[in-house]
Every structure is written in C-alpha cells, then in structure tokens.
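A quick write-up on the structure given underneath.
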Amino acid sequence: MRRVAISGHRGLPVDTEQLVDAGLRAAVEEASDGSGLVGLTCLADGPDTTFARMLLAAGGTLTVVVPARKYRDSLPAEHHPDYDQLLAAATDVIELDREESDSDAHMAASLRMLEDVDRLIAVWDGKPARGFGGTADVVTAARERGIEITVVWPDGATRD
C-alpha cells in the first residue's frame, strides 16, 4: 500500500488551479500502484483539499494531520464546510498537541506527515518558501529523508 502526503501553495489564481488539478489527478493516478493508496494531508484550502477529494474518489483512504487545536479557525471561513466534510471522511485523524495554528505548528504537521509516507506530492513553483513551513521547506525536509517527490507545477502555472 502506497502512502502519499500533499503540500502545496494556497491562494492560486483560478487558471492555475485548473492546471494544477489536472497535474494532481495524474500524480494521484501514478502514485496508486493497485494495492491501495493512503493520503496524508492537513486539509488546508487549495491543493490539500483537491488532493483529498481525488484520493477518496479513486478509492483511497485519508489520514488528516491537524496542526493545532485552533487550526480550523485559522482557515478561511468559506473553506470550513469542505474541511468538515473531508475530516469526517478520514479513516485516521492525528492531532498535534499544539494550541495555536502558526508556522511552527504547520511545519510540525508536515514533518509528522513525512514520518508515514514514501512519497510527497508538492504543488510547488520551485521557489523558496515565503515563510517558515511553506511548501519549499516541506520539499527540503522530504529530500533530507530520502522521500520520493513528485512536483506538480504545470507549464503556464503562476503564483501571485
């Protein structure tokens, strides 16, 4: 059974989201080896949620890593229904013992995900992180651990 984590840029332009969706779909299909697929995510808005939906649609199981008790409150209010629905669909939920949803908690959650996977799918423009715990930091941590990385950043994708 393959175990795959997701990390990716949030707040992408709509046209980039469409390009990324196609790339994510291909990455999920490629990661599935026929023996089942477990996806690990923090369920942030953007690629995390898209990945979770694709994984479940493909018959995979979902493990959610919650970075902090105040994590849901730190997400955009319009994302709460999606977060709640996908959290309820998770087979496993790992809650970190942190109160505040800050960069340290987000990086800790990413590192926790990397403990249990053999692949990271990164929706990443290849540039340095804009703040601690960003996608570039997660990619670096995965590289340091020898985890296979699939970067999804299709031609024509942009980031504000």
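We label chains A, B, ... in the order they appear in the structure tokens, count residues from 1 in each chain, and number ligands from 1 in the order shown.
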
- range 66-146 of chain A: residues DSSP assigns to strand (DSSP E or B), reported as a PyMOL selection string: chain A and resi 66+92-95+119-123

Please produce an output containing N, CA and C atoms for each residue in the selection, written as a PDB file, in the first residue's frame.
```
ATOM      1  N   VAL A  66      -3.892  17.260  11.932  1.00  0.00           N
ATOM      2  CA  VAL A  66      -4.380  18.565  12.369  1.00  0.00           C
ATOM      3  C   VAL A  66      -3.250  19.246  13.137  1.00  0.00           C
ATOM      4  N   ASP A  92      -8.303   8.076   9.519  1.00  0.00           N
ATOM      5  CA  ASP A  92      -7.497   8.377  10.703  1.00  0.00           C
ATOM      6  C   ASP A  92      -7.323   9.891  10.821  1.00  0.00           C
ATOM      7  N   VAL A  93      -7.280  10.376  12.058  1.00  0.00           N
ATOM      8  CA  VAL A  93      -7.008  11.781  12.337  1.00  0.00           C
ATOM      9  C   VAL A  93      -5.910  11.825  13.394  1.00  0.00           C
ATOM     10  N   ILE A  94      -4.843  12.542  13.079  1.00  0.00           N
ATOM     11  CA  ILE A  94      -3.723  12.734  14.002  1.00  0.00           C
ATOM     12  C   ILE A  94      -3.746  14.195  14.418  1.00  0.00           C
ATOM     13  N   GLU A  95      -3.936  14.443  15.698  1.00  0.00           N
ATOM     14  CA  GLU A  95      -3.999  15.812  16.205  1.00  0.00           C
ATOM     15  C   GLU A  95      -2.729  16.127  16.973  1.00  0.00           C
ATOM     16  N   ARG A 119       6.087   8.946  -0.420  1.00  0.00           N
ATOM     17  CA  ARG A 119       6.097   9.927  -1.498  1.00  0.00           C
ATOM     18  C   ARG A 119       5.443  11.216  -1.019  1.00  0.00           C
ATOM     19  N   LEU A 120       5.962  12.331  -1.522  1.00  0.00           N
ATOM     20  CA  LEU A 120       5.353  13.640  -1.317  1.00  0.00           C
ATOM     21  C   LEU A 120       4.957  14.185  -2.676  1.00  0.00           C
ATOM     22  N   ILE A 121       3.702  14.600  -2.798  1.00  0.00           N
ATOM     23  CA  ILE A 121       3.269  15.355  -3.965  1.00  0.00           C
ATOM     24  C   ILE A 121       3.294  16.818  -3.549  1.00  0.00           C
ATOM     25  N   ALA A 122       4.054  17.626  -4.273  1.00  0.00           N
ATOM     26  CA  ALA A 122       4.225  19.038  -3.926  1.00  0.00           C
ATOM     27  C   ALA A 122       3.738  19.919  -5.070  1.00  0.00           C
ATOM     28  N   VAL A 123       2.717  20.710  -4.802  1.00  0.00           N
ATOM     29  CA  VAL A 123       2.281  21.732  -5.746  1.00  0.00           C
ATOM     30  C   VAL A 123       3.164  22.937  -5.434  1.00  0.00           C
TER      31      VAL A 123
END
```

- Message: Quick check for you: according to DSSP on this backbone, which residues of range 14-144 of chain A are classed as alpha helix (DSSP H)? Reply as a ChimeraX atom specification.
- Response: /A:14-31,47-57,71-74,80-89,103-114,135-144

Next, the residues of the selection above should be written as a short mmCIF file (atom, residue, chain, number, x, y, z; two decimals), in the first residue's frame with C-alpha atoms.
```
data_model
loop_
_atom_site.label_atom_id
_atom_site.label_comp_id
_atom_site.auth_asym_id
_atom_site.auth_seq_id
_atom_site.Cartn_x
_atom_site.Cartn_y
_atom_site.Cartn_z
CA VAL A 14 -8.20 30.20 -10.88
CA ASP A 15 -6.48 29.38 -14.18
CA THR A 16 -3.51 27.93 -12.29
CA GLU A 17 -5.83 25.90 -10.06
CA GLN A 18 -7.29 24.32 -13.19
CA LEU A 19 -3.83 23.43 -14.50
CA VAL A 20 -2.80 22.09 -11.10
CA ASP A 21 -5.96 19.98 -10.81
CA ALA A 22 -5.01 18.08 -13.97
CA GLY A 23 -1.45 17.62 -12.69
CA LEU A 24 -2.67 16.44 -9.30
CA ARG A 25 -5.02 13.94 -10.90
CA ALA A 26 -2.11 12.49 -12.89
CA ALA A 27 0.11 12.38 -9.78
CA VAL A 28 -2.55 10.56 -7.74
CA GLU A 29 -3.10 8.04 -10.56
CA GLU A 30 0.65 7.49 -10.89
CA ALA A 31 1.13 7.07 -7.12
CA PRO A 47 -4.21 21.62 -3.26
CA ASP A 48 -4.67 19.75 0.05
CA THR A 49 -8.43 19.66 -0.40
CA THR A 50 -8.26 18.89 -4.12
CA PHE A 51 -5.87 16.01 -3.40
CA ALA A 52 -8.14 14.64 -0.65
CA ARG A 53 -11.19 14.67 -2.93
CA MET A 54 -9.29 12.96 -5.76
CA LEU A 55 -7.87 10.37 -3.40
CA LEU A 56 -11.28 9.46 -2.00
CA ALA A 57 -12.82 9.37 -5.49
CA TYR A 71 -6.28 25.19 13.01
CA ARG A 72 -9.82 25.13 11.61
CA ASP A 73 -10.42 28.67 12.89
CA SER A 74 -7.30 29.85 11.02
CA HIS A 80 -14.91 25.26 6.74
CA PRO A 81 -17.67 23.13 5.10
CA ASP A 82 -15.11 21.37 2.87
CA TYR A 83 -12.75 20.89 5.81
CA ASP A 84 -15.51 19.45 8.00
CA GLN A 85 -16.76 17.10 5.28
CA LEU A 86 -13.31 15.74 4.47
CA LEU A 87 -12.30 15.47 8.13
CA ALA A 88 -15.43 13.36 8.71
CA ALA A 89 -14.44 11.15 5.75
CA SER A 103 4.09 28.43 11.10
CA ASP A 104 5.74 26.20 13.68
CA ALA A 105 2.59 24.08 14.01
CA HIS A 106 2.20 23.84 10.24
CA MET A 107 5.79 22.69 9.78
CA ALA A 108 5.43 20.21 12.64
CA ALA A 109 2.34 18.79 10.93
CA SER A 110 4.21 18.49 7.63
CA LEU A 111 7.09 16.71 9.35
CA ARG A 112 4.59 14.38 11.04
CA MET A 113 3.10 13.54 7.65
CA LEU A 114 6.54 12.78 6.25
CA THR A 135 5.99 24.14 0.56
CA ALA A 136 9.70 24.65 -0.21
CA ASP A 137 10.54 23.79 3.41
CA VAL A 138 8.44 20.63 3.21
CA VAL A 139 10.17 19.61 -0.04
CA THR A 140 13.56 20.17 1.59
CA ALA A 141 12.56 18.03 4.57
CA ALA A 142 11.34 15.26 2.26
CA ARG A 143 14.61 15.35 0.30
CA GLU A 144 16.61 15.12 3.54
#
```

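When the distance limit is 7 Å and only C-alpha atoms are what count, the residues near Leu62 in chain A, minus those fewer than 5 positions from it on the same chain, are A:Val38, A:Gly39, A:Leu40, A:Ala52, A:Ala90, A:Thr91, A:Asp92.
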
- Could you please determine the separation between CA of His79 in chain A and CA of Leu12 in chain A in Å, to one decimal place?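 Separation between CA of His79 in chain A and CA of Leu12 in chain A: 14.5 Å.
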
- Message: For range 1-3 of chain A, find every residue with an atom within 6 Å (counting only C-alpha atoms), except residues of its own chain fewer than 2 positions away, and show them as a PyMOL selection string.
- Response: chain A and resi 35-39+117-118

Store the residues picked out above, limited to C-alpha atoms, as an mmCIF file, in the first residue's frame.
```
data_model
loop_
_atom_site.group_PDB
_atom_site.id
_atom_site.type_symbol
_atom_site.label_atom_id
_atom_site.label_comp_id
_atom_site.auth_asym_id
_atom_site.auth_seq_id
_atom_site.Cartn_x
_atom_site.Cartn_y
_atom_site.Cartn_z
ATOM 1 C CA SER A 35 -2.508 -2.130 -3.780
ATOM 2 C CA GLY A 36 -4.321 0.851 -2.330
ATOM 3 C CA LEU A 37 -3.423 4.421 -1.596
ATOM 4 C CA VAL A 38 -3.380 6.285 1.704
ATOM 5 C CA GLY A 39 -3.167 10.060 1.504
ATOM 6 C CA VAL A 117 4.893 8.300 3.687
ATOM 7 C CA ASP A 118 7.012 7.063 0.842
#
```

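A straight line drawn from CA of Glu78 in chain A to CA of Asp155 in chain A is 28.8 Å long.
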
- Task: Work out how far CA of Pro67 in chain A is from CA of His9 in chain A, in Å to one decimal.
- Result: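 Distance between the two atoms: 16.8 Å.
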
- Option closest in space to Asp160 in chain A, from A:Gly34, A:Val65, A:Gly11, A:Glu100 [counting only C-alpha atoms]: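 Using only C-alpha atoms, the shortest distance to Asp160 in chain A belongs to A:Gly11.
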
- Tell me which of A:Cys42, A:Ala5, A:Ala58, A:Ala68 sits closest to Ser101 in chain A, counting only C-alpha atoms.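 Under the stated criterion, the closest residue is A:Ala68.
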
- Item | Top pick for closest residue to Asp116 in chain A, considering A:Ala157, A:Pro13, A:Gly133, A:Arg145 and counting only C-alpha atoms |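 Counting only C-alpha atoms, the residue closest to Asp116 in chain A is A:Arg145.
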
- For Gly126 in chain A, the nearest of the candidates A:Asp102, A:Gly146, A:Leu75, A:Trp153, counting only C-alpha atoms: A:Trp153
